[in-house]
>>> print(open('target29.cif').read())   # mmCIF, C-alpha atoms
data_final
loop_
_atom_site.label_atom_id
_atom_site.label_comp_id
_atom_site.auth_asym_id
_atom_site.auth_seq_id
_atom_site.Cartn_x
_atom_site.Cartn_y
_atom_site.Cartn_z
CA MET A 1 -60.23 -50.42 -23.80
CA THR A 2 -57.09 -51.60 -25.57
CA GLY A 3 -53.64 -50.23 -24.84
CA ALA A 4 -53.66 -48.34 -28.14
CA GLU A 5 -57.03 -46.77 -27.36
CA LEU A 6 -55.87 -45.81 -23.87
CA TYR A 7 -52.72 -44.16 -25.24
CA LYS A 8 -54.70 -42.25 -27.88
CA ARG A 9 -57.20 -40.83 -25.39
CA LEU A 10 -54.65 -39.96 -22.71
CA SER A 11 -52.39 -38.17 -25.19
CA GLU A 12 -55.09 -35.98 -26.79
CA PRO A 13 -54.24 -32.27 -26.75
CA PHE A 14 -55.91 -30.16 -24.10
CA ALA A 15 -58.28 -27.30 -24.83
CA ALA A 16 -56.70 -23.85 -24.62
CA ALA A 17 -58.76 -23.24 -21.47
CA ASP A 18 -56.82 -26.00 -19.69
CA VAL A 19 -53.39 -24.76 -20.79
CA GLU A 20 -51.59 -22.26 -18.56
CA TRP A 21 -48.45 -20.22 -19.24
CA ARG A 22 -45.51 -19.67 -16.91
CA VAL A 23 -43.06 -16.80 -17.43
CA THR A 24 -39.54 -18.20 -17.04
CA LYS A 25 -37.45 -15.09 -17.80
CA THR A 26 -37.91 -11.46 -18.77
CA ARG A 27 -36.20 -8.88 -20.99
CA ASN A 28 -36.53 -5.24 -22.08
CA SER A 29 -36.96 -3.93 -18.53
CA ASN A 30 -39.46 -6.67 -17.70
CA SER A 31 -41.82 -5.59 -20.48
CA GLU A 32 -41.55 -9.01 -22.17
CA GLY A 33 -41.54 -12.50 -20.75
CA LEU A 34 -40.70 -15.92 -22.12
CA ALA A 35 -43.88 -17.97 -21.63
CA VAL A 36 -43.90 -21.77 -21.39
CA ALA A 37 -47.10 -23.81 -21.74
CA PHE A 38 -48.09 -26.29 -19.01
CA ILE A 39 -51.14 -27.97 -17.49
CA ASP A 40 -51.96 -28.13 -13.80
CA SER A 41 -52.77 -31.17 -11.68
CA ARG A 42 -56.51 -30.56 -11.87
CA ALA A 43 -56.51 -30.86 -15.68
CA ILE A 44 -54.60 -34.15 -15.42
CA GLN A 45 -57.01 -35.49 -12.80
CA ASN A 46 -59.94 -34.60 -15.06
CA ARG A 47 -58.29 -36.34 -18.01
CA LEU A 48 -57.75 -39.52 -15.99
CA ASP A 49 -61.33 -39.42 -14.71
CA ASP A 50 -62.65 -38.95 -18.25
CA VAL A 51 -60.56 -41.70 -19.84
CA VAL A 52 -60.36 -44.50 -17.27
CA GLY A 53 -62.85 -43.41 -14.60
CA PRO A 54 -62.20 -42.14 -11.06
CA PHE A 55 -61.97 -45.67 -9.60
CA PHE A 56 -59.38 -46.99 -12.06
CA TRP A 57 -56.38 -44.76 -11.39
CA ARG A 58 -54.44 -44.12 -8.19
CA THR A 59 -51.27 -42.47 -6.89
CA ARG A 60 -48.72 -43.13 -4.18
CA PHE A 61 -45.89 -40.87 -3.04
CA ILE A 62 -42.51 -42.16 -1.88
CA PRO A 63 -39.69 -40.18 -0.20
CA TRP A 64 -36.81 -39.98 -2.66
CA HIS A 65 -33.64 -38.12 -1.68
CA GLN A 66 -32.33 -34.92 -0.14
CA TYR A 67 -29.58 -32.62 -1.35
CA ILE A 68 -28.03 -29.30 -0.39
CA PRO A 69 -27.99 -26.86 -3.35
CA LYS A 70 -24.53 -25.71 -4.36
CA PRO A 71 -23.95 -21.92 -4.44
CA GLY A 72 -24.09 -20.32 -7.88
CA LYS A 73 -21.15 -18.70 -9.61
CA TYR A 74 -21.91 -15.27 -8.14
CA ASP A 75 -23.37 -16.39 -4.80
CA ASP A 76 -21.63 -15.83 -1.49
CA PRO A 77 -20.70 -19.32 -0.16
CA ASN A 78 -21.23 -18.07 3.39
CA GLU A 79 -24.84 -17.17 2.61
CA ALA A 80 -25.65 -20.23 0.54
CA GLN A 81 -28.55 -22.43 1.56
CA LYS A 82 -27.41 -25.23 3.89
CA ALA A 83 -30.79 -26.82 4.62
CA PRO A 84 -31.39 -29.96 2.56
CA VAL A 85 -34.09 -29.92 -0.12
CA SER A 86 -36.39 -32.94 -0.05
CA SER A 87 -37.94 -34.71 -3.02
CA GLN A 88 -40.48 -37.41 -3.70
CA LEU A 89 -41.46 -39.98 -6.29
CA CYS A 90 -45.02 -40.31 -7.54
CA GLY A 91 -46.30 -43.65 -8.72
CA LEU A 92 -49.30 -43.21 -11.02
CA SER A 93 -51.16 -46.49 -11.60
CA ILE A 94 -53.91 -47.24 -14.11
CA TYR A 95 -55.93 -50.44 -14.17
CA HIS A 96 -55.32 -52.26 -17.46
CA GLU A 97 -58.50 -54.04 -18.50
CA GLU A 98 -56.82 -56.41 -20.96
CA ARG A 99 -54.17 -57.57 -18.50
CA LYS A 100 -56.48 -57.41 -15.47
CA GLU A 101 -53.82 -55.70 -13.37
CA TRP A 102 -52.60 -52.31 -12.18
CA VAL A 103 -49.75 -50.80 -14.21
CA GLU A 104 -47.61 -48.16 -12.48
CA LYS A 105 -45.25 -45.53 -13.87
CA VAL A 106 -43.00 -43.52 -11.55
CA ASP A 107 -41.24 -40.15 -11.73
CA GLY A 108 -40.11 -37.62 -9.14
CA ALA A 109 -39.46 -33.98 -8.34
CA GLU A 110 -37.84 -31.84 -5.65
CA ASN A 111 -39.85 -29.61 -3.36
CA THR A 112 -40.53 -26.18 -4.84
CA ASP A 113 -39.73 -22.68 -3.56
CA ILE A 114 -43.42 -21.79 -3.12
CA GLU A 115 -45.60 -24.17 -1.07
CA ALA A 116 -42.63 -26.51 -1.02
CA ILE A 117 -44.22 -29.85 -0.13
CA LYS A 118 -47.46 -29.29 -2.04
CA GLY A 119 -45.54 -28.02 -5.05
CA GLY A 120 -43.16 -30.97 -5.03
CA ILE A 121 -46.00 -33.47 -4.83
CA SER A 122 -47.83 -31.73 -7.67
CA ASP A 123 -44.70 -31.64 -9.86
CA SER A 124 -43.96 -35.34 -9.31
CA PHE A 125 -47.58 -36.18 -10.18
CA LYS A 126 -47.37 -34.16 -13.40
CA ARG A 127 -44.09 -35.85 -14.34
CA ALA A 128 -45.60 -39.29 -13.76
CA ALA A 129 -48.59 -38.32 -15.93
CA VAL A 130 -46.22 -37.42 -18.78
CA LEU A 131 -44.96 -41.02 -18.68
CA TRP A 132 -48.55 -41.99 -19.48
CA SER A 133 -48.40 -39.47 -22.39
CA VAL A 134 -50.69 -36.92 -20.68
CA GLY A 135 -49.57 -33.50 -21.93
CA ARG A 136 -46.30 -34.86 -23.33
CA TYR A 137 -46.82 -32.94 -26.59
CA LEU A 138 -46.44 -29.64 -24.68
CA TYR A 139 -42.68 -30.23 -24.59
CA GLU A 140 -42.72 -29.80 -28.38
CA ILE A 141 -44.33 -26.34 -28.21
CA PRO A 142 -41.56 -23.71 -28.17
CA ALA A 143 -41.61 -21.04 -25.48
CA LYS A 144 -42.83 -17.67 -26.75
CA TRP A 145 -41.86 -14.11 -25.89
CA THR A 146 -44.97 -12.16 -24.94
CA SER A 147 -45.83 -8.70 -23.57
CA LEU A 148 -46.10 -8.26 -19.79
CA ASP A 149 -48.05 -5.68 -17.82
CA ARG A 150 -46.60 -3.57 -15.01
CA TYR A 151 -47.19 -6.44 -12.57
CA ARG A 152 -45.13 -8.79 -14.77
CA GLN A 153 -48.28 -10.71 -15.71
CA ILE A 154 -49.09 -11.77 -19.26
CA ALA A 155 -50.72 -8.73 -20.89
CA HIS A 156 -52.48 -10.38 -23.84
CA PRO A 157 -53.52 -13.97 -23.00
CA ALA A 158 -55.58 -14.29 -26.20
CA GLU A 159 -52.38 -14.04 -28.24
CA LEU A 160 -51.02 -17.11 -26.49
CA ASP A 161 -54.29 -18.97 -27.19
CA SER A 162 -53.80 -18.24 -30.89
CA TYR A 163 -50.15 -19.28 -30.71
CA TYR A 164 -51.17 -22.54 -29.01
CA ALA A 165 -53.68 -23.30 -31.78
CA GLU A 166 -51.02 -22.60 -34.43
CA GLN A 167 -48.56 -24.95 -32.74
CA LEU A 168 -51.17 -27.72 -32.56
CA GLN A 169 -51.65 -27.39 -36.31
CA LYS A 170 -47.89 -27.60 -36.90
CA LEU A 171 -47.70 -30.74 -34.79
CA GLY A 172 -50.56 -32.30 -36.74
CA LEU A 173 -52.82 -32.44 -33.70
CA ALA A 174 -56.54 -31.69 -33.68
CA SER A 175 -57.49 -28.17 -32.69
CA ALA A 176 -58.83 -27.94 -29.15
CA GLN A 177 -62.42 -26.80 -28.68
CA PRO A 178 -62.54 -23.11 -27.63
CA PRO A 179 -64.82 -22.14 -24.76
CA ASN A 180 -68.14 -20.39 -25.31
CA THR A 181 -67.40 -16.80 -24.34
CA GLY A 182 -70.49 -15.13 -25.77
CA ASN A 183 -73.70 -14.02 -24.13
CA ALA A 184 -76.10 -16.01 -26.32
CA PRO A 185 -77.08 -19.61 -25.49
CA ALA A 186 -74.63 -21.27 -27.87
CA GLY A 187 -74.46 -24.64 -26.12
CA VAL A 188 -75.08 -26.63 -22.99
CA TYR A 189 -72.43 -27.27 -20.34
CA ALA A 190 -72.63 -29.99 -17.71
CA VAL A 191 -71.46 -29.26 -14.17
CA ARG A 192 -69.26 -32.15 -13.10
CA SER A 193 -68.07 -30.93 -9.70
CA LEU A 194 -67.58 -27.87 -7.49
CA GLN A 195 -64.68 -27.24 -5.15
CA PRO A 196 -65.14 -24.44 -2.59
CA ALA A 197 -62.47 -21.74 -2.87
CA PRO A 198 -63.57 -18.90 -0.57
CA VAL A 199 -61.81 -15.56 -0.97
CA GLN A 200 -62.13 -12.35 1.03
CA GLY A 201 -65.59 -10.91 0.53
CA TYR A 202 -66.79 -13.95 -1.43
CA PRO A 203 -67.25 -16.88 0.98
CA ALA A 204 -69.23 -18.89 -1.59
CA ALA A 205 -66.59 -18.72 -4.35
CA ALA A 206 -65.74 -22.03 -5.98
CA TRP A 207 -63.84 -23.71 -8.80
CA VAL A 208 -66.34 -25.37 -11.14
CA ASP A 209 -65.43 -28.30 -13.39
CA LEU A 210 -67.57 -28.17 -16.53
CA VAL A 211 -67.93 -30.41 -19.54
CA THR A 212 -68.19 -28.35 -22.74
CA PRO A 213 -70.75 -29.04 -25.50
CA ALA A 214 -67.89 -30.82 -27.32
CA GLY A 215 -67.33 -33.12 -24.33
CA ARG A 216 -64.08 -31.56 -23.10
CA ALA A 217 -63.18 -30.71 -19.51
CA PHE A 218 -63.20 -26.99 -18.76
CA LYS A 219 -62.41 -25.38 -15.37
CA VAL A 220 -63.90 -21.99 -14.42
CA PHE A 221 -64.05 -19.84 -11.29
CA SER A 222 -67.32 -18.63 -9.80
CA LEU A 223 -67.28 -15.78 -7.27
CA GLY A 224 -70.62 -16.60 -5.69
CA ALA A 225 -73.25 -19.24 -5.31
CA LYS A 226 -75.70 -18.92 -8.21
CA PRO A 227 -79.15 -20.55 -8.27
CA GLY A 228 -79.06 -24.07 -9.61
CA LEU A 229 -75.27 -24.39 -9.77
CA ALA A 230 -74.64 -27.87 -8.36
CA ASN A 231 -73.10 -31.20 -9.27
CA GLY A 232 -74.83 -32.89 -12.18
CA VAL A 233 -76.89 -29.94 -13.47
CA ARG A 234 -76.69 -28.47 -16.96
CA ILE A 235 -76.37 -24.78 -17.86
CA GLN A 236 -76.63 -22.75 -21.05
CA GLY A 237 -75.92 -19.21 -22.22
CA ALA A 238 -72.73 -19.24 -20.19
CA LYS A 239 -70.84 -15.96 -20.12
CA ILE A 240 -67.20 -16.89 -19.47
CA VAL A 241 -64.45 -14.27 -19.26
CA ARG A 242 -60.70 -14.81 -19.20
CA ARG A 243 -58.90 -13.19 -16.25
CA SER A 244 -55.29 -12.70 -15.15
CA GLY A 245 -54.18 -12.92 -11.52
CA ALA A 246 -51.10 -13.43 -9.40
CA GLY A 247 -51.28 -17.18 -10.01
CA GLY A 248 -51.63 -16.88 -13.79
CA THR A 249 -54.61 -16.81 -16.15
CA TYR A 250 -58.00 -18.37 -15.46
CA TYR A 251 -61.62 -18.25 -16.64
CA GLU A 252 -64.52 -16.77 -14.66
CA LEU A 253 -68.13 -17.88 -14.99
CA GLN A 254 -70.09 -14.62 -14.78
CA ASP A 255 -73.59 -15.61 -15.83
CA TYR A 256 -75.69 -18.50 -17.16
CA GLN A 257 -79.21 -19.92 -17.32
CA PRO A 258 -80.37 -23.39 -16.22
CA ALA A 259 -80.76 -25.75 -19.16
CA ALA A 260 -83.83 -27.87 -19.61
#
>>> encode(input="target29.cif", output="C-alpha cells")
Amino acid sequence: MTGAELYKRLSEPFAAADVEWRVTKTRNSNSEGLAVAFIDSRAIQNRLDDVVGPFFWRTRFIPWHQYIPKPGKYDDPNEAQKAPVSSQLCGLSIYHEERKEWVEKVDGAENTDIEAIKGGISDSFKRAAVLWSVGRYLYEIPAKWTSLDRYRQIAHPAELDSYYAEQLQKLGLASAQPPNTGNAPAGVYAVRSLQPAPVQGYPAAAWVDLVTPAGRAFKVFSLGAKPGLANGVRIQGAKIVRRSGAGGTYYELQDYQPAA
C-alpha cells in the first residue's frame, strides 16, 4: 500500500454508528445542549485493524509533564486544587511497506476528571490518531445545539445522525453507510470480535464488533449470549436499536438469525 493509499483509507469518514456526541455546555434551563462529534478509541482501533492489519500498528505511552491548575476567576484560591495533574504522550506507529520501517507520530493529553489515567491514555491515543488523519475531518463539523431530556442526555439522537450526514455532504465526503435497523433480513453482518461487558442482571452481556454488508466497522451491545454469536460467524435479519445511556448513545443488537 502506497502512502497516498494509506492516507486515503485512514482518513475516510466514519459511519454514523461510530460517531458519538458529547454535550459541552447547556442553555435554556438545561433543555438544550451543544453537542460535539467525536469517535472513541475502539472505532480508531477498528480502523487501524481494517486498514493496516492488527500486526502492523502499535502504541507506546510516555510520561510527559505535571502541572497544578490555576484557580479560575471566581474560584477561592484557598480551595483550589493543589495536587499536580499528570499527562502522557502516545506514540502511534504504523509499518510503512514501501520504506520497510515503522513510522511513529506522537501527541499527548492530560489525565481526565473521570477515570483519570484511563481517560488520559485514551485521549492521547485519539490525538495521535488524528496525526495519521483518522477522524481529523470531525474538527470541521460545527457543534450543534440539540434538545436534552430531563437527565441532560441527548433527546433525539436521530436528528444528530441527519446533521452528520448533511455535514459530510457539505465537506464533499462520501456518505457513511447507515446500519440495518429493520426486522427483515436486509443484509449479512460478520462478527469480528466480542468483548465481555457484564452488567447487573446480565452476566453474558458483551460489546460486539460487526462488519456491515458495506464492509464498514459497526459496534453494538448485546445483553445476553445468543445462539451462534461468536467470532467469525455471520448473521442476518439483525434488529439493531439505538439507545441512550449515562455514557452517551449506543446501538443494541436485539435479534438476528444465523446466516448460511
>>> resolve_selection(input="target29.cif", expression="the PyMOL selection byres ((chain A and resi 107) around 6)", output="PDB file with C-alpha atoms, in the coordinates of the input")
ATOM      1  CA  LEU A  89     -41.460 -39.980  -6.290  1.00  0.00           C
ATOM      2  CA  CYS A  90     -45.020 -40.310  -7.540  1.00  0.00           C
ATOM      3  CA  VAL A 106     -43.000 -43.520 -11.550  1.00  0.00           C
ATOM      4  CA  GLY A 108     -40.110 -37.620  -9.140  1.00  0.00           C
ATOM      5  CA  ARG A 127     -44.090 -35.850 -14.340  1.00  0.00           C
ATOM      6  CA  ALA A 128     -45.600 -39.290 -13.760  1.00  0.00           C
TER       7      ALA A 128
END
>>> residues_around(input="target29.cif", residues="Ser86 (chain A)", least_positions_apart="2", cutoff="6 Å", atoms="all atoms listed in the file", output="VMD selection string")
chain A and resid 66 110 to 111
>>> atom_distance(input="target29.cif", atom1="CA of Lys239 (chain A)", atom2="CA of Gly201 (chain A)")
21.9 Å
>>> residues_around(input="target29.cif", residues="Ala129 (chain A)", least_positions_apart="5", cutoff="8 Å", atoms="all atoms listed in the file", output="count of residues only")
4
>>> closest_residue(input="target29.cif", among="A:Tyr251, A:Tyr189, A:Phe218, A:Tyr95", to="Val233 (chain A)", atoms="only C-alpha atoms")
A:Tyr189
>>> resolve_selection(input="target29.cif", expression="the PyMOL selection byres ((chain A and resi 162-176) around 7)", output="list in words")
Pro13, Phe14, Ala15, Ala16, Ile141, Ala158, Glu159, Leu160, Asp161, Gln177 and Pro178 of chain A
>>> atom_distance(input="target29.cif", atom1="CA of Phe221 (chain A)", atom2="CA of Gln236 (chain A)")
16.2 Å
>>> closest_residue(input="target29.cif", among="A:Arg192, A:Lys219, A:Arg242, A:Arg9", to="Ser133 (chain A)", atoms="all atoms listed in the file")
A:Arg9
>>> resolve_selection(input="target29.cif", expression="the PyMOL selection byres ((chain A and resi 229) around 10)", output="CSV table (one decimal) with C-alpha atoms, in the frame of the given file")
chain,number,residue,atom,x,y,z
A,191,VAL,CA,-71.5,-29.3,-14.2
A,193,SER,CA,-68.1,-30.9,-9.7
A,194,LEU,CA,-67.6,-27.9,-7.5
A,208,VAL,CA,-66.3,-25.4,-11.1
A,222,SER,CA,-67.3,-18.6,-9.8
A,224,GLY,CA,-70.6,-16.6,-5.7
A,225,ALA,CA,-73.2,-19.2,-5.3
A,226,LYS,CA,-75.7,-18.9,-8.2
A,227,PRO,CA,-79.2,-20.6,-8.3
A,228,GLY,CA,-79.1,-24.1,-9.6
A,230,ALA,CA,-74.6,-27.9,-8.4
A,231,ASN,CA,-73.1,-31.2,-9.3
A,232,GLY,CA,-74.8,-32.9,-12.2
A,233,VAL,CA,-76.9,-29.9,-13.5
A,234,ARG,CA,-76.7,-28.5,-17.0
A,235,ILE,CA,-76.4,-24.8,-17.9
A,256,TYR,CA,-75.7,-18.5,-17.2
A,257,GLN,CA,-79.2,-19.9,-17.3
A,258,PRO,CA,-80.4,-23.4,-16.2
>>> closest_residue(input="target29.cif", among="A:Phe56, A:Phe61, A:Trp145, A:Trp132", to="Glu101 (chain A)", atoms="all atoms listed in the file")
A:Phe56
>>> residues_around(input="target29.cif", residues="Gly53 (chain A)", least_positions_apart="4", cutoff="12 Å", atoms="only C-alpha atoms", output="mmCIF file with C-alpha atoms, in the frame of the given file")
data_model
loop_
_atom_site.group_PDB
_atom_site.id
_atom_site.type_symbol
_atom_site.label_atom_id
_atom_site.label_comp_id
_atom_site.auth_asym_id
_atom_site.auth_seq_id
_atom_site.Cartn_x
_atom_site.Cartn_y
_atom_site.Cartn_z
ATOM 1 C CA MET A 1 -60.230 -50.420 -23.800
ATOM 2 C CA LEU A 6 -55.870 -45.810 -23.870
ATOM 3 C CA GLN A 45 -57.010 -35.490 -12.800
ATOM 4 C CA ASN A 46 -59.940 -34.600 -15.060
ATOM 5 C CA ARG A 47 -58.290 -36.340 -18.010
ATOM 6 C CA LEU A 48 -57.750 -39.520 -15.990
ATOM 7 C CA ASP A 49 -61.330 -39.420 -14.710
ATOM 8 C CA TRP A 57 -56.380 -44.760 -11.390
ATOM 9 C CA ARG A 58 -54.440 -44.120 -8.190
ATOM 10 C CA ILE A 94 -53.910 -47.240 -14.110
ATOM 11 C CA TYR A 95 -55.930 -50.440 -14.170
ATOM 12 C CA HIS A 96 -55.320 -52.260 -17.460
#
>>> atom_distance(input="target29.cif", atom1="CA of Ala259 (chain A)", atom2="CA of Ala217 (chain A)")
18.3 Å
>>> closest_residue(input="target29.cif", among="A:Arg243, A:Ala17, A:Leu34, A:Lys105", to="Val211 (chain A)", atoms="only C-alpha atoms")
A:Ala17
>>> residues_near_point(input="target29.cif", point="(-57.3, -16.5, -14.9)", cutoff="12 Å", atoms="all atoms listed in the file", output="PDB file with C-alpha atoms, in the frame of the given file")
ATOM      1  CA  ALA A  17     -58.760 -23.240 -21.470  1.00  0.00           C
ATOM      2  CA  ASP A  18     -56.820 -26.000 -19.690  1.00  0.00           C
ATOM      3  CA  VAL A  19     -53.390 -24.760 -20.790  1.00  0.00           C
ATOM      4  CA  GLU A  20     -51.590 -22.260 -18.560  1.00  0.00           C
ATOM      5  CA  TRP A  21     -48.450 -20.220 -19.240  1.00  0.00           C
ATOM      6  CA  GLN A 153     -48.280 -10.710 -15.710  1.00  0.00           C
ATOM      7  CA  ILE A 154     -49.090 -11.770 -19.260  1.00  0.00           C
ATOM      8  CA  ALA A 155     -50.720  -8.730 -20.890  1.00  0.00           C
ATOM      9  CA  HIS A 156     -52.480 -10.380 -23.840  1.00  0.00           C
ATOM     10  CA  PRO A 157     -53.520 -13.970 -23.000  1.00  0.00           C
ATOM     11  CA  ALA A 158     -55.580 -14.290 -26.200  1.00  0.00           C
ATOM     12  CA  TRP A 207     -63.840 -23.710  -8.800  1.00  0.00           C
ATOM     13  CA  LYS A 219     -62.410 -25.380 -15.370  1.00  0.00           C
ATOM     14  CA  VAL A 220     -63.900 -21.990 -14.420  1.00  0.00           C
ATOM     15  CA  PHE A 221     -64.050 -19.840 -11.290  1.00  0.00           C
ATOM     16  CA  SER A 222     -67.320 -18.630  -9.800  1.00  0.00           C
ATOM     17  CA  ILE A 240     -67.200 -16.890 -19.470  1.00  0.00           C
ATOM     18  CA  VAL A 241     -64.450 -14.270 -19.260  1.00  0.00           C
ATOM     19  CA  ARG A 242     -60.700 -14.810 -19.200  1.00  0.00           C
ATOM     20  CA  ARG A 243     -58.900 -13.190 -16.250  1.00  0.00           C
ATOM     21  CA  SER A 244     -55.290 -12.700 -15.150  1.00  0.00           C
ATOM     22  CA  GLY A 245     -54.180 -12.920 -11.520  1.00  0.00           C
ATOM     23  CA  ALA A 246     -51.100 -13.430  -9.400  1.00  0.00           C
ATOM     24  CA  GLY A 247     -51.280 -17.180 -10.010  1.00  0.00           C
ATOM     25  CA  GLY A 248     -51.630 -16.880 -13.790  1.00  0.00           C
ATOM     26  CA  THR A 249     -54.610 -16.810 -16.150  1.00  0.00           C
ATOM     27  CA  TYR A 250     -58.000 -18.370 -15.460  1.00  0.00           C
ATOM     28  CA  TYR A 251     -61.620 -18.250 -16.640  1.00  0.00           C
ATOM     29  CA  GLU A 252     -64.520 -16.770 -14.660  1.00  0.00           C
ATOM     30  CA  LEU A 253     -68.130 -17.880 -14.990  1.00  0.00           C
TER      31      LEU A 253
END
>>> closest_residue(input="target29.cif", among="A:Leu210, A:Asp123, A:Ser93, A:Arg27", to="Asp50 (chain A)", atoms="only C-alpha atoms")
A:Leu210
